[in-house]
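Colleague: Below is the file protein-v7.cif, which contains mmCIF, C-alpha atoms, pLDDT in the B column; chains and numbers go by the auth columns.
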data_model
loop_
_atom_site.group_PDB
_atom_site.id
_atom_site.type_symbol
_atom_site.label_atom_id
_atom_site.label_comp_id
_atom_site.label_asym_id
_atom_site.label_seq_id
_atom_site.Cartn_x
_atom_site.Cartn_y
_atom_site.Cartn_z
_atom_site.B_iso_or_equiv
_atom_site.auth_seq_id
_atom_site.auth_asym_id
ATOM 1 C CA MET A 1 11.476 23.409 3.839 42.00 1 A
ATOM 2 C CA ASN A 2 9.247 25.133 6.330 51.00 2 A
ATOM 3 C CA ASP A 3 7.486 24.174 9.551 60.00 3 A
ATOM 4 C CA SER A 4 5.071 21.890 7.694 67.00 4 A
ATOM 5 C CA GLY A 5 7.959 19.786 6.363 83.00 5 A
ATOM 6 C CA ILE A 6 6.792 20.309 2.781 91.00 6 A
ATOM 7 C CA ARG A 7 9.352 21.565 0.264 93.00 7 A
ATOM 8 C CA GLU A 8 8.595 24.865 -1.465 95.00 8 A
ATOM 9 C CA ALA A 9 9.741 23.334 -4.773 96.00 9 A
ATOM 10 C CA ASP A 10 7.105 20.601 -4.418 96.00 10 A
ATOM 11 C CA ILE A 11 4.418 23.168 -3.699 97.00 11 A
ATOM 12 C CA ASP A 12 5.421 25.118 -6.810 97.00 12 A
ATOM 13 C CA SER A 13 5.376 22.084 -9.077 97.00 13 A
ATOM 14 C CA VAL A 14 2.023 20.803 -7.765 97.00 14 A
ATOM 15 C CA TYR A 15 0.642 24.340 -8.135 97.00 15 A
ATOM 16 C CA LEU A 16 1.534 24.371 -11.830 97.00 16 A
ATOM 17 C CA VAL A 17 0.125 20.884 -12.485 96.00 17 A
ATOM 18 C CA LEU A 18 -3.164 21.546 -10.673 96.00 18 A
ATOM 19 C CA LYS A 19 -3.588 24.977 -12.255 96.00 19 A
ATOM 20 C CA LYS A 20 -3.090 23.547 -15.739 95.00 20 A
ATOM 21 C CA GLU A 21 -5.508 20.685 -15.028 94.00 21 A
ATOM 22 C CA ALA A 22 -8.073 23.100 -13.665 95.00 22 A
ATOM 23 C CA GLU A 23 -7.847 25.433 -16.637 95.00 23 A
ATOM 24 C CA SER A 24 -8.074 22.586 -19.143 94.00 24 A
ATOM 25 C CA GLY A 25 -11.451 21.700 -17.601 93.00 25 A
ATOM 26 C CA GLY A 26 -12.715 25.298 -17.480 94.00 26 A
ATOM 27 C CA TYR A 27 -11.970 25.807 -13.753 96.00 27 A
ATOM 28 C CA ARG A 28 -9.969 28.671 -12.260 97.00 28 A
ATOM 29 C CA PHE A 29 -7.615 29.079 -9.351 97.00 29 A
ATOM 30 C CA ASN A 30 -7.934 31.891 -6.841 96.00 30 A
ATOM 31 C CA PRO A 31 -5.788 34.789 -8.173 95.00 31 A
ATOM 32 C CA ASP A 32 -4.162 35.184 -4.718 95.00 32 A
ATOM 33 C CA GLY A 33 -1.056 33.082 -5.353 95.00 33 A
ATOM 34 C CA VAL A 34 0.191 33.123 -1.751 95.00 34 A
ATOM 35 C CA PHE A 35 -3.185 31.964 -0.444 95.00 35 A
ATOM 36 C CA VAL A 36 -3.349 29.190 -3.064 97.00 36 A
ATOM 37 C CA LYS A 37 0.166 27.965 -2.303 96.00 37 A
ATOM 38 C CA ASN A 38 -0.699 27.747 1.387 96.00 38 A
ATOM 39 C CA LEU A 39 -3.690 25.584 0.496 97.00 39 A
ATOM 40 C CA ILE A 40 -1.478 23.394 -1.683 97.00 40 A
ATOM 41 C CA ARG A 41 0.928 23.069 1.239 97.00 41 A
ATOM 42 C CA GLY A 42 -2.075 21.836 3.246 97.00 42 A
ATOM 43 C CA LEU A 43 -3.051 19.378 0.521 97.00 43 A
ATOM 44 C CA LEU A 44 0.469 17.950 0.433 97.00 44 A
ATOM 45 C CA LYS A 45 0.569 17.834 4.209 97.00 45 A
ATOM 46 C CA ASN A 46 -2.665 15.834 4.179 97.00 46 A
ATOM 47 C CA GLU A 47 -1.280 13.550 1.494 97.00 47 A
ATOM 48 C CA GLN A 48 1.709 12.929 3.747 96.00 48 A
ATOM 49 C CA ARG A 49 -0.447 12.324 6.847 96.00 49 A
ATOM 50 C CA TYR A 50 -3.349 10.388 5.370 97.00 50 A
ATOM 51 C CA GLY A 51 -2.157 9.141 1.991 97.00 51 A
ATOM 52 C CA TYR A 52 -4.654 11.216 0.016 97.00 52 A
ATOM 53 C CA ARG A 53 -5.196 14.890 -0.697 97.00 53 A
ATOM 54 C CA ALA A 54 -8.003 15.607 1.734 98.00 54 A
ATOM 55 C CA CYS A 55 -9.449 19.126 1.752 98.00 55 A
ATOM 56 C CA PRO A 56 -7.125 21.342 3.825 98.00 56 A
ATOM 57 C CA CYS A 57 -10.101 23.251 5.262 98.00 57 A
ATOM 58 C CA ARG A 58 -11.916 20.209 6.623 98.00 58 A
ATOM 59 C CA LEU A 59 -10.976 17.697 9.273 97.00 59 A
ATOM 60 C CA ALA A 60 -10.148 14.377 7.638 97.00 60 A
ATOM 61 C CA THR A 61 -10.621 11.101 9.485 95.00 61 A
ATOM 62 C CA GLY A 62 -7.649 9.309 7.985 95.00 62 A
ATOM 63 C CA ARG A 63 -10.032 6.665 6.627 95.00 63 A
ATOM 64 C CA LYS A 64 -10.148 7.153 2.886 94.00 64 A
ATOM 65 C CA GLU A 65 -13.575 5.542 2.496 93.00 65 A
ATOM 66 C CA ASP A 66 -15.038 8.127 4.898 93.00 66 A
ATOM 67 C CA ASP A 67 -13.268 11.041 3.225 95.00 67 A
ATOM 68 C CA THR A 68 -13.718 10.270 -0.479 95.00 68 A
ATOM 69 C CA ASP A 69 -16.151 13.170 -0.827 96.00 69 A
ATOM 70 C CA ILE A 70 -13.570 15.671 0.469 97.00 70 A
ATOM 71 C CA ILE A 71 -10.589 14.565 -1.597 97.00 71 A
ATOM 72 C CA CYS A 72 -9.680 17.671 -3.582 97.00 72 A
ATOM 73 C CA PRO A 73 -11.436 18.572 -5.838 97.00 73 A
ATOM 74 C CA CYS A 74 -14.286 17.662 -3.498 97.00 74 A
ATOM 75 C CA ASP A 75 -17.829 16.608 -4.376 96.00 75 A
ATOM 76 C CA TYR A 76 -19.024 20.039 -3.176 97.00 76 A
ATOM 77 C CA ARG A 77 -16.778 22.250 -5.322 97.00 77 A
ATOM 78 C CA ASP A 78 -19.063 22.701 -8.301 97.00 78 A
ATOM 79 C CA PRO A 79 -22.263 23.473 -6.349 97.00 79 A
ATOM 80 C CA ASP A 80 -20.278 25.941 -4.205 97.00 80 A
ATOM 81 C CA LEU A 81 -18.808 27.578 -7.322 97.00 81 A
ATOM 82 C CA ASN A 82 -22.354 27.969 -8.646 96.00 82 A
ATOM 83 C CA ASP A 83 -23.824 29.354 -5.438 96.00 83 A
ATOM 84 C CA PHE A 84 -20.915 31.299 -3.907 96.00 84 A
ATOM 85 C CA GLY A 85 -18.348 31.761 -6.671 97.00 85 A
ATOM 86 C CA ALA A 86 -15.743 29.777 -4.762 97.00 86 A
ATOM 87 C CA CYS A 87 -15.142 26.317 -3.383 98.00 87 A
ATOM 88 C CA TYR A 88 -15.181 25.889 0.384 97.00 88 A
ATOM 89 C CA CYS A 89 -11.436 26.670 0.648 97.00 89 A
ATOM 90 C CA ALA A 90 -11.513 29.318 -2.109 97.00 90 A
ATOM 91 C CA LEU A 91 -8.845 27.403 -3.997 97.00 91 A
ATOM 92 C CA TYR A 92 -11.165 27.308 -7.026 97.00 92 A
ATOM 93 C CA VAL A 93 -13.135 30.423 -7.896 98.00 93 A
ATOM 94 C CA SER A 94 -15.595 31.752 -10.474 97.00 94 A
ATOM 95 C CA ALA A 95 -14.533 33.803 -13.513 95.00 95 A
ATOM 96 C CA ALA A 96 -15.746 37.013 -11.816 95.00 96 A
ATOM 97 C CA ILE A 97 -13.551 36.382 -8.776 96.00 97 A
ATOM 98 C CA ALA A 98 -10.602 35.200 -10.866 95.00 98 A
ATOM 99 C CA GLN A 99 -10.759 38.470 -12.806 94.00 99 A
ATOM 100 C CA GLY A 100 -10.956 40.549 -9.647 92.00 100 A
ATOM 101 C CA GLU A 101 -14.491 41.788 -10.301 94.00 101 A
ATOM 102 C CA LYS A 102 -15.832 40.199 -7.126 93.00 102 A
ATOM 103 C CA LYS A 103 -14.403 39.331 -3.729 93.00 103 A
ATOM 104 C CA VAL A 104 -14.438 35.906 -2.119 93.00 104 A
ATOM 105 C CA GLU A 105 -16.914 35.587 0.732 91.00 105 A
ATOM 106 C CA PRO A 106 -16.990 32.789 3.312 92.00 106 A
ATOM 107 C CA VAL A 107 -18.675 29.672 1.946 96.00 107 A
ATOM 108 C CA PRO A 108 -20.946 27.840 4.393 96.00 108 A
ATOM 109 C CA GLU A 109 -20.223 24.145 4.896 97.00 109 A
ATOM 110 C CA ARG A 110 -22.332 22.059 2.543 96.00 110 A
ATOM 111 C CA ARG A 111 -20.966 18.686 3.585 96.00 111 A
ATOM 112 C CA PRO A 112 -23.407 16.846 5.856 94.00 112 A
ATOM 113 C CA PRO A 113 -22.391 16.911 9.542 93.00 113 A
ATOM 114 C CA ARG A 114 -20.546 13.986 11.073 90.00 114 A
ATOM 115 C CA SER A 115 -23.685 12.513 12.661 88.00 115 A
ATOM 116 C CA MET A 116 -25.309 12.189 9.241 88.00 116 A
ATOM 117 C CA ARG A 117 -22.203 10.907 7.523 81.00 117 A
ATOM 118 C CA GLU A 118 -21.613 7.889 9.661 65.00 118 A
ATOM 119 C CA LYS A 119 -21.918 4.611 7.845 59.00 119 A
ATOM 120 C CA GLY A 120 -20.809 6.373 4.687 51.00 120 A
ATOM 121 C CA THR A 121 -24.172 7.947 3.915 49.00 121 A
ATOM 122 C CA ALA A 122 -22.653 11.088 2.463 47.00 122 A
ATOM 123 C CA VAL A 123 -20.236 9.308 0.225 49.00 123 A
ATOM 124 C CA GLN A 124 -22.312 6.415 -0.947 52.00 124 A
ATOM 125 C CA ARG A 125 -25.304 8.300 -2.196 55.00 125 A
ATOM 126 C CA VAL A 126 -27.612 5.430 -2.723 53.00 126 A
ATOM 127 C CA PHE A 127 -28.514 5.014 -6.316 59.00 127 A
ATOM 128 C CA ALA A 128 -30.410 1.789 -6.716 62.00 128 A
ATOM 129 C CA THR A 129 -28.738 0.125 -9.665 68.00 129 A
ATOM 130 C CA PRO A 130 -31.028 1.215 -12.469 68.00 130 A
ATOM 131 C CA ALA A 131 -32.657 -1.294 -14.725 72.00 131 A
ATOM 132 C CA PRO A 132 -30.693 -1.390 -17.972 75.00 132 A
ATOM 133 C CA VAL A 133 -32.260 0.970 -20.503 82.00 133 A
ATOM 134 C CA PHE A 134 -29.166 1.579 -22.580 89.00 134 A
ATOM 135 C CA SER A 135 -26.786 -0.848 -24.189 91.00 135 A
ATOM 136 C CA PHE A 136 -24.015 0.382 -21.829 93.00 136 A
ATOM 137 C CA PRO A 137 -24.037 1.463 -18.185 93.00 137 A
ATOM 138 C CA VAL A 138 -23.882 5.249 -17.747 94.00 138 A
ATOM 139 C CA TRP A 139 -21.363 6.572 -15.198 95.00 139 A
ATOM 140 C CA ARG A 140 -21.497 9.986 -13.572 96.00 140 A
ATOM 141 C CA CYS A 141 -18.538 11.870 -12.123 97.00 141 A
ATOM 142 C CA ARG A 142 -19.652 12.989 -8.656 96.00 142 A
ATOM 143 C CA VAL A 143 -17.344 16.005 -8.830 96.00 143 A
ATOM 144 C CA CYS A 144 -18.205 17.612 -12.163 96.00 144 A
ATOM 145 C CA GLY A 145 -21.197 15.643 -13.462 96.00 145 A
ATOM 146 C CA TYR A 146 -19.453 14.307 -16.577 97.00 146 A
ATOM 147 C CA LEU A 147 -21.400 11.363 -18.005 97.00 147 A
ATOM 148 C CA CYS A 148 -20.114 8.520 -20.120 97.00 148 A
ATOM 149 C CA ALA A 149 -21.611 5.281 -21.377 96.00 149 A
ATOM 150 C CA ARG A 150 -19.128 2.408 -21.157 95.00 150 A
ATOM 151 C CA GLU A 151 -18.532 -0.819 -19.268 93.00 151 A
ATOM 152 C CA GLN A 152 -16.420 0.896 -16.587 94.00 152 A
ATOM 153 C CA PRO A 153 -15.790 4.538 -15.638 96.00 153 A
ATOM 154 C CA PRO A 154 -12.577 6.034 -17.045 96.00 154 A
ATOM 155 C CA GLY A 155 -9.443 5.839 -14.871 96.00 155 A
ATOM 156 C CA VAL A 156 -9.366 9.642 -14.713 95.00 156 A
ATOM 157 C CA CYS A 157 -12.249 12.019 -15.388 96.00 157 A
ATOM 158 C CA PRO A 158 -11.422 13.831 -18.659 95.00 158 A
ATOM 159 C CA ILE A 159 -13.015 17.050 -17.355 94.00 159 A
ATOM 160 C CA CYS A 160 -12.012 17.452 -13.725 95.00 160 A
ATOM 161 C CA LYS A 161 -9.244 14.804 -13.487 94.00 161 A
ATOM 162 C CA VAL A 162 -10.530 12.966 -10.434 95.00 162 A
ATOM 163 C CA THR A 163 -9.950 9.225 -10.241 94.00 163 A
ATOM 164 C CA LYS A 164 -12.267 6.366 -11.166 95.00 164 A
ATOM 165 C CA ASP A 165 -13.497 5.823 -7.594 94.00 165 A
ATOM 166 C CA ARG A 166 -15.296 9.209 -7.738 95.00 166 A
ATOM 167 C CA PHE A 167 -17.771 7.907 -10.348 96.00 167 A
ATOM 168 C CA GLU A 168 -21.218 6.532 -9.571 94.00 168 A
ATOM 169 C CA ARG A 169 -23.586 4.470 -11.667 92.00 169 A
ATOM 170 C CA PHE A 170 -26.164 6.821 -13.186 91.00 170 A
ATOM 171 C CA ALA A 171 -28.170 4.686 -15.591 90.00 171 A
ATOM 172 C CA MET B 1 -4.273 20.262 26.511 57.00 1 B
ATOM 173 C CA GLY B 2 -3.307 20.971 22.945 84.00 2 B
ATOM 174 C CA THR B 3 -4.240 24.630 23.110 93.00 3 B
ATOM 175 C CA GLU B 4 -1.898 27.562 22.767 95.00 4 B
ATOM 176 C CA HIS B 5 -2.334 31.023 24.177 97.00 5 B
ATOM 177 C CA VAL B 6 -1.767 34.263 22.314 97.00 6 B
ATOM 178 C CA ALA B 7 -1.281 37.251 24.589 96.00 7 B
ATOM 179 C CA GLY B 8 -3.283 40.436 24.140 95.00 8 B
ATOM 180 C CA THR B 9 -6.068 42.532 25.596 95.00 9 B
ATOM 181 C CA ASN B 10 -8.472 40.545 27.732 95.00 10 B
ATOM 182 C CA LYS B 11 -11.878 40.533 26.021 93.00 11 B
ATOM 183 C CA GLY B 12 -13.176 37.513 27.855 94.00 12 B
ATOM 184 C CA THR B 13 -12.546 33.888 26.992 96.00 13 B
ATOM 185 C CA VAL B 14 -11.812 33.668 23.287 97.00 14 B
ATOM 186 C CA MET B 15 -11.259 30.207 21.867 98.00 15 B
ATOM 187 C CA LEU B 16 -10.428 29.526 18.224 98.00 16 B
ATOM 188 C CA TYR B 17 -10.842 25.997 16.907 98.00 17 B
ATOM 189 C CA ALA B 18 -8.796 25.779 13.726 98.00 18 B
ATOM 190 C CA LEU B 19 -6.980 23.445 11.349 98.00 19 B
ATOM 191 C CA SER B 20 -3.258 23.853 10.737 96.00 20 B
ATOM 192 C CA THR B 21 -3.780 23.448 6.969 96.00 21 B
ATOM 193 C CA CYS B 22 -6.748 25.759 6.438 95.00 22 B
ATOM 194 C CA GLY B 23 -6.397 29.155 4.753 94.00 23 B
ATOM 195 C CA TRP B 24 -9.439 30.754 6.388 96.00 24 B
ATOM 196 C CA CYS B 25 -8.315 29.550 9.816 97.00 25 B
ATOM 197 C CA ALA B 26 -4.960 31.264 9.275 96.00 26 B
ATOM 198 C CA LYS B 27 -6.713 34.489 8.254 96.00 27 B
ATOM 199 C CA THR B 28 -8.909 34.354 11.357 97.00 28 B
ATOM 200 C CA LYS B 29 -5.915 33.847 13.605 98.00 29 B
ATOM 201 C CA ASP B 30 -4.063 36.723 11.926 97.00 30 B
ATOM 202 C CA LEU B 31 -7.080 38.990 12.356 97.00 31 B
ATOM 203 C CA LEU B 32 -7.317 38.243 16.086 97.00 32 B
ATOM 204 C CA LYS B 33 -3.613 39.038 16.404 97.00 33 B
ATOM 205 C CA GLU B 34 -4.095 42.263 14.460 96.00 34 B
ATOM 206 C CA LEU B 35 -6.936 43.224 16.803 96.00 35 B
ATOM 207 C CA GLY B 36 -4.673 42.549 19.771 96.00 36 B
ATOM 208 C CA VAL B 37 -7.157 40.227 21.459 96.00 37 B
ATOM 209 C CA ALA B 38 -5.959 37.629 23.954 97.00 38 B
ATOM 210 C CA PHE B 39 -7.098 34.203 22.740 98.00 39 B
ATOM 211 C CA ASP B 40 -6.460 30.507 22.867 98.00 40 B
ATOM 212 C CA PHE B 41 -6.400 28.306 19.818 98.00 41 B
ATOM 213 C CA ALA B 42 -6.244 24.620 19.034 98.00 42 B
ATOM 214 C CA TYR B 43 -5.240 23.025 15.751 97.00 43 B
ATOM 215 C CA VAL B 44 -7.725 20.203 15.929 98.00 44 B
ATOM 216 C CA ASP B 45 -6.074 18.241 13.097 97.00 45 B
ATOM 217 C CA LEU B 46 -2.906 18.001 15.183 96.00 46 B
ATOM 218 C CA LEU B 47 -4.691 16.669 18.271 96.00 47 B
ATOM 219 C CA GLU B 48 -5.023 12.952 18.814 94.00 48 B
ATOM 220 C CA GLY B 49 -7.332 10.474 20.483 94.00 49 B
ATOM 221 C CA THR B 50 -9.707 11.725 23.164 96.00 50 B
ATOM 222 C CA GLU B 51 -8.213 15.203 23.046 96.00 51 B
ATOM 223 C CA GLN B 52 -9.276 15.471 19.408 97.00 52 B
ATOM 224 C CA ASP B 53 -12.699 13.956 20.149 96.00 53 B
ATOM 225 C CA ASP B 54 -13.264 16.469 22.948 96.00 54 B
ATOM 226 C CA ALA B 55 -12.327 19.357 20.660 97.00 55 B
ATOM 227 C CA ILE B 56 -14.648 18.106 17.881 97.00 56 B
ATOM 228 C CA ASN B 57 -17.490 17.774 20.387 96.00 57 B
ATOM 229 C CA GLN B 58 -16.902 21.343 21.559 96.00 58 B
ATOM 230 C CA VAL B 59 -16.947 22.611 17.967 97.00 59 B
ATOM 231 C CA GLU B 60 -20.164 20.713 17.212 97.00 60 B
ATOM 232 C CA LYS B 61 -21.786 22.117 20.339 97.00 61 B
ATOM 233 C CA TRP B 62 -21.382 25.641 18.950 97.00 62 B
ATOM 234 C CA ASN B 63 -21.494 24.799 15.278 97.00 63 B
ATOM 235 C CA PRO B 64 -23.415 21.625 14.372 95.00 64 B
ATOM 236 C CA SER B 65 -21.741 21.395 10.956 95.00 65 B
ATOM 237 C CA GLY B 66 -18.435 20.828 12.767 96.00 66 B
ATOM 238 C CA SER B 67 -16.565 23.147 10.406 97.00 67 B
ATOM 239 C CA PHE B 68 -13.461 25.303 10.907 98.00 68 B
ATOM 240 C CA PRO B 69 -12.634 27.946 11.918 98.00 69 B
ATOM 241 C CA THR B 70 -15.091 28.104 14.815 98.00 70 B
ATOM 242 C CA LEU B 71 -14.523 31.000 17.180 98.00 71 B
ATOM 243 C CA VAL B 72 -16.201 30.775 20.592 98.00 72 B
ATOM 244 C CA ILE B 73 -16.466 34.035 22.504 97.00 73 B
ATOM 245 C CA ASP B 74 -17.041 34.028 26.265 95.00 74 B
ATOM 246 C CA ASN B 75 -18.892 30.728 26.077 94.00 75 B
ATOM 247 C CA ARG B 76 -21.941 32.574 24.810 94.00 76 B
ATOM 248 C CA LYS B 77 -21.481 33.214 21.100 95.00 77 B
ATOM 249 C CA SER B 78 -19.752 31.636 18.154 97.00 78 B
ATOM 250 C CA ILE B 79 -18.599 32.880 14.777 97.00 79 B
ATOM 251 C CA VAL B 80 -18.170 30.241 12.085 97.00 80 B
ATOM 252 C CA GLY B 81 -15.819 30.949 9.210 97.00 81 B
ATOM 253 C CA PHE B 82 -13.672 33.980 8.479 97.00 82 B
ATOM 254 C CA ARG B 83 -16.371 36.609 8.965 96.00 83 B
ATOM 255 C CA GLU B 84 -14.069 39.583 9.132 96.00 84 B
ATOM 256 C CA LYS B 85 -16.686 42.284 9.649 95.00 85 B
ATOM 257 C CA GLU B 86 -18.437 40.361 12.407 96.00 86 B
ATOM 258 C CA ILE B 87 -15.179 39.584 14.214 97.00 87 B
ATOM 259 C CA ARG B 88 -14.117 43.238 14.034 96.00 88 B
ATOM 260 C CA GLU B 89 -17.497 44.330 15.394 95.00 89 B
ATOM 261 C CA VAL B 90 -17.385 41.904 18.309 94.00 90 B
ATOM 262 C CA PHE B 91 -13.994 43.117 19.447 92.00 91 B
ATOM 263 C CA GLY B 92 -14.912 46.754 18.944 79.00 92 B
ATOM 264 C CA ALA B 93 -12.168 47.593 16.522 59.00 93 B
#
Translate the structure of the given file into structure tokens.

Modeller:
Amino acid sequence: MNDSGIREADIDSVYLVLKKEAESGGYRFNPDGVFVKNLIRGLLKNEQRYGYRACPCRLATGRKEDDTDIICPCDYRDPDLNDFGACYCALYVSAAIAQGEKKVEPVPERRPPRSMREKGTAVQRVFATPAPVFSFPVWRCRVCGYLCAREQPPGVCPICKVTKDRFERFA
Amino acid sequence: MGTEHVAGTNKGTVMLYALSTCGWCAKTKDLLKELGVAFDFAYVDLLEGTEQDDAINQVEKWNPSGSFPTLVIDNRKSIVGFREKEIREVFGA
């Protein structure tokens, strides 16, 4: 136990699960283990407070429907990895940073500000339901961009492991 | 008020808006301590009700994205994020 009320053993086991999941999808953790475990402590703290693993580096509202885009891994991770070599928290990093060839720099906030998010505009990016072109609907994972053509999105994204509610109708 | 004071050399009013769970916020706080600067900080995620709303409004005033950490120096300048070099320069270390 520590002042956050999260057990070290829980942090260690979640660390191993998330690291394995990340690597199976081609993602990498920050090589600074202490820094990463502190972020995982934050994720577990948020899970305890809000019931979902909201980004530890952003202020969650406690309303899941308003925070879906910042449930870790967030909707902004992959664009931030592309542009800055790290996600906003620097939990996930590029190969160059993972191998110590580059240093992590601060990542500017990409999430729209609160005033533009109200009424769920950030989360519910409005895709008019496309006219059916294919014999199945096409679903897109908002986190990693994985596409699949089937009646419903998968329960868990096979690439980045986020849940079904992170998918949007693409075609 | 949900702010805490850290003693140090007076370099004007130094206010750090942070989250208790955020890695970069912790690094910013540690850096200010290392520099020996007197500052106040608030963990905005631990505030409630109007106290939290007031803190968020203050952050947005200086930093429209409303992100953390936001460091407000002497009510005239803000530094958003763990910008180590900039923070060191400001406090003349």

Colleague: Please enumerate the residues selected by the PyMOL selection byres ((chain A) within 8 of (chain B)) when evaluated against the supplied file, formatted as a PDB file with C-alpha atoms, in the frame of the given file.

Modeller:
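Saved as part21.pdb:
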ATOM      1  CA  PHE A  35      -3.185  31.964  -0.444  1.00 95.00           C
ATOM      2  CA  ASN A  38      -0.699  27.747   1.387  1.00 96.00           C
ATOM      3  CA  LEU A  39      -3.690  25.584   0.496  1.00 97.00           C
ATOM      4  CA  ARG A  41       0.928  23.069   1.239  1.00 97.00           C
ATOM      5  CA  GLY A  42      -2.075  21.836   3.246  1.00 97.00           C
ATOM      6  CA  LEU A  43      -3.051  19.378   0.521  1.00 97.00           C
ATOM      7  CA  LYS A  45       0.569  17.834   4.209  1.00 97.00           C
ATOM      8  CA  PRO A  56      -7.125  21.342   3.825  1.00 98.00           C
ATOM      9  CA  CYS A  57     -10.101  23.251   5.262  1.00 98.00           C
ATOM     10  CA  ARG A  58     -11.916  20.209   6.623  1.00 98.00           C
ATOM     11  CA  LEU A  59     -10.976  17.697   9.273  1.00 97.00           C
ATOM     12  CA  ALA A  60     -10.148  14.377   7.638  1.00 97.00           C
ATOM     13  CA  CYS A  89     -11.436  26.670   0.648  1.00 97.00           C
ATOM     14  CA  PRO A 106     -16.990  32.789   3.312  1.00 92.00           C
ATOM     15  CA  VAL A 107     -18.675  29.672   1.946  1.00 96.00           C
ATOM     16  CA  PRO A 108     -20.946  27.840   4.393  1.00 96.00           C
ATOM     17  CA  GLU A 109     -20.223  24.145   4.896  1.00 97.00           C
ATOM     18  CA  ARG A 111     -20.966  18.686   3.585  1.00 96.00           C
ATOM     19  CA  PRO A 112     -23.407  16.846   5.856  1.00 94.00           C
ATOM     20  CA  PRO A 113     -22.391  16.911   9.542  1.00 93.00           C
ATOM     21  CA  ARG A 114     -20.546  13.986  11.073  1.00 90.00           C
TER      22      ARG A 114
END

Colleague: Would you work out the distance separating atom CA of B:Tyr43 from atom CA of B:Thr70, expressed in Å to one decimal?

Modeller: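 Between atom CA of B:Tyr43 and atom CA of B:Thr70 the gap is 11.1 Å.
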
Colleague: Applying the PyMOL selection byres ((chain A and resi 164) around 7) to the file I just gave you, which residues come out? Please list them as a list in words.

Modeller: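 Here the PyMOL selection byres ((chain A and resi 164) around 7) matches Pro153, Pro154, Gly155, Val156, Val162, Thr163, Asp165, Arg166 and Phe167 of chain A.
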
Colleague: Take the point (-14.3, 34.3, 28.6) in the file's coordinates, draw a sphere of radius 8 Å around it, and report as a PyMOL selection string every protein, DNA or RNA residue with an atom inside or on it, counting only C-alpha atoms.

Modeller: chain B and resi 11-14+73-75

Colleague: So how many Å separate atom CA of A:Cys55 and atom CA of A:Arg150, to one decimal?

Modeller: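 Atom-to-atom, atom CA of A:Cys55 and atom CA of A:Arg150 are spaced 30.0 Å apart.
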
Colleague: Can you list, as a list of chain:residue names, every protein, DNA or RNA residue that comes within 7 Å of A:Ile70 when you count only C-alpha atoms, leaving out same-chain residues fewer than 4 positions away?

Modeller: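 Residues near the query, excluding close chain neighbours: A:Ala54, A:Cys55, A:Cys74, A:Asp75.
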
Colleague: When you look at A:Asp12 with a cut-off of 12 Å (counting all atoms listed in the file), what residues show up, excluding the ones that are within fewer than 6 positions of it in the same chain? I need them as a count of residues only.

Modeller: 12

Colleague: Quote the spacing between atom CA of A:Ser135 and atom CA of A:Cys160 in Å to one decimal place.

Modeller: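 According to the coordinates, atom CA of A:Ser135 and atom CA of A:Cys160 are separated by 25.7 Å.
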
Colleague: On this structure, which residues satisfy the PyMOL selection byres ((chain B and resi 2) around 8), written as a VMD selection string?

Modeller: chain B and resid 1 3 to 4 42 to 43 47 51

Colleague: Near A:Ile159, counting only C-alpha atoms, which residues have an atom at most 10 Å away, once you skip same-chain residues fewer than 6 positions from it, shown as a compact mmCIF listing (two decimals) with C-alpha atoms, in the frame of the given file?

Modeller:
# COMPACT_ATOMS: atom_id res chain seq x y z
CA GLU A 21 -5.51 20.68 -15.03
CA ALA A 22 -8.07 23.10 -13.66
CA GLU A 23 -7.85 25.43 -16.64
CA SER A 24 -8.07 22.59 -19.14
CA GLY A 25 -11.45 21.70 -17.60
CA GLY A 26 -12.72 25.30 -17.48
CA TYR A 27 -11.97 25.81 -13.75
CA CYS A 141 -18.54 11.87 -12.12
CA VAL A 143 -17.34 16.00 -8.83
CA CYS A 144 -18.20 17.61 -12.16
CA GLY A 145 -21.20 15.64 -13.46
CA TYR A 146 -19.45 14.31 -16.58

Colleague: As a PyMOL selection string, please: the residues near A:Phe29 (cut-off 6 Å, only C-alpha atoms, same-chain neighbours under 2 positions excluded).

Modeller: chain A and resi 91-93

Colleague: Since we have the selection now, will you write its residues out, keeping C-alpha atoms, as a PDB file, in the frame of the given file?

Modeller:
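again_4.pdb, freshly written:
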ATOM      1  CA  LEU A  91      -8.845  27.403  -3.997  1.00 97.00           C
ATOM      2  CA  TYR A  92     -11.165  27.308  -7.026  1.00 97.00           C
ATOM      3  CA  VAL A  93     -13.135  30.423  -7.896  1.00 98.00           C
TER       4      VAL A  93
END

Colleague: Which polymer residues have any atom within 8 Å of an atom of A:Ala96, counting all atoms listed in the file, with same-chain residues fewer than 5 positions away left out, as a PyMOL selection string?

Modeller: chain A and resi 85+101-102

Colleague: Restrict the selected residues to C-alpha atoms and save them as a short mmCIF file (atom, residue, chain, number, x, y, z; two decimals), keeping the file's coordinate frame.

Modeller:
data_model
loop_
_atom_site.label_atom_id
_atom_site.label_comp_id
_atom_site.auth_asym_id
_atom_site.auth_seq_id
_atom_site.Cartn_x
_atom_site.Cartn_y
_atom_site.Cartn_z
CA GLY A 85 -18.35 31.76 -6.67
CA GLU A 101 -14.49 41.79 -10.30
CA LYS A 102 -15.83 40.20 -7.13
#
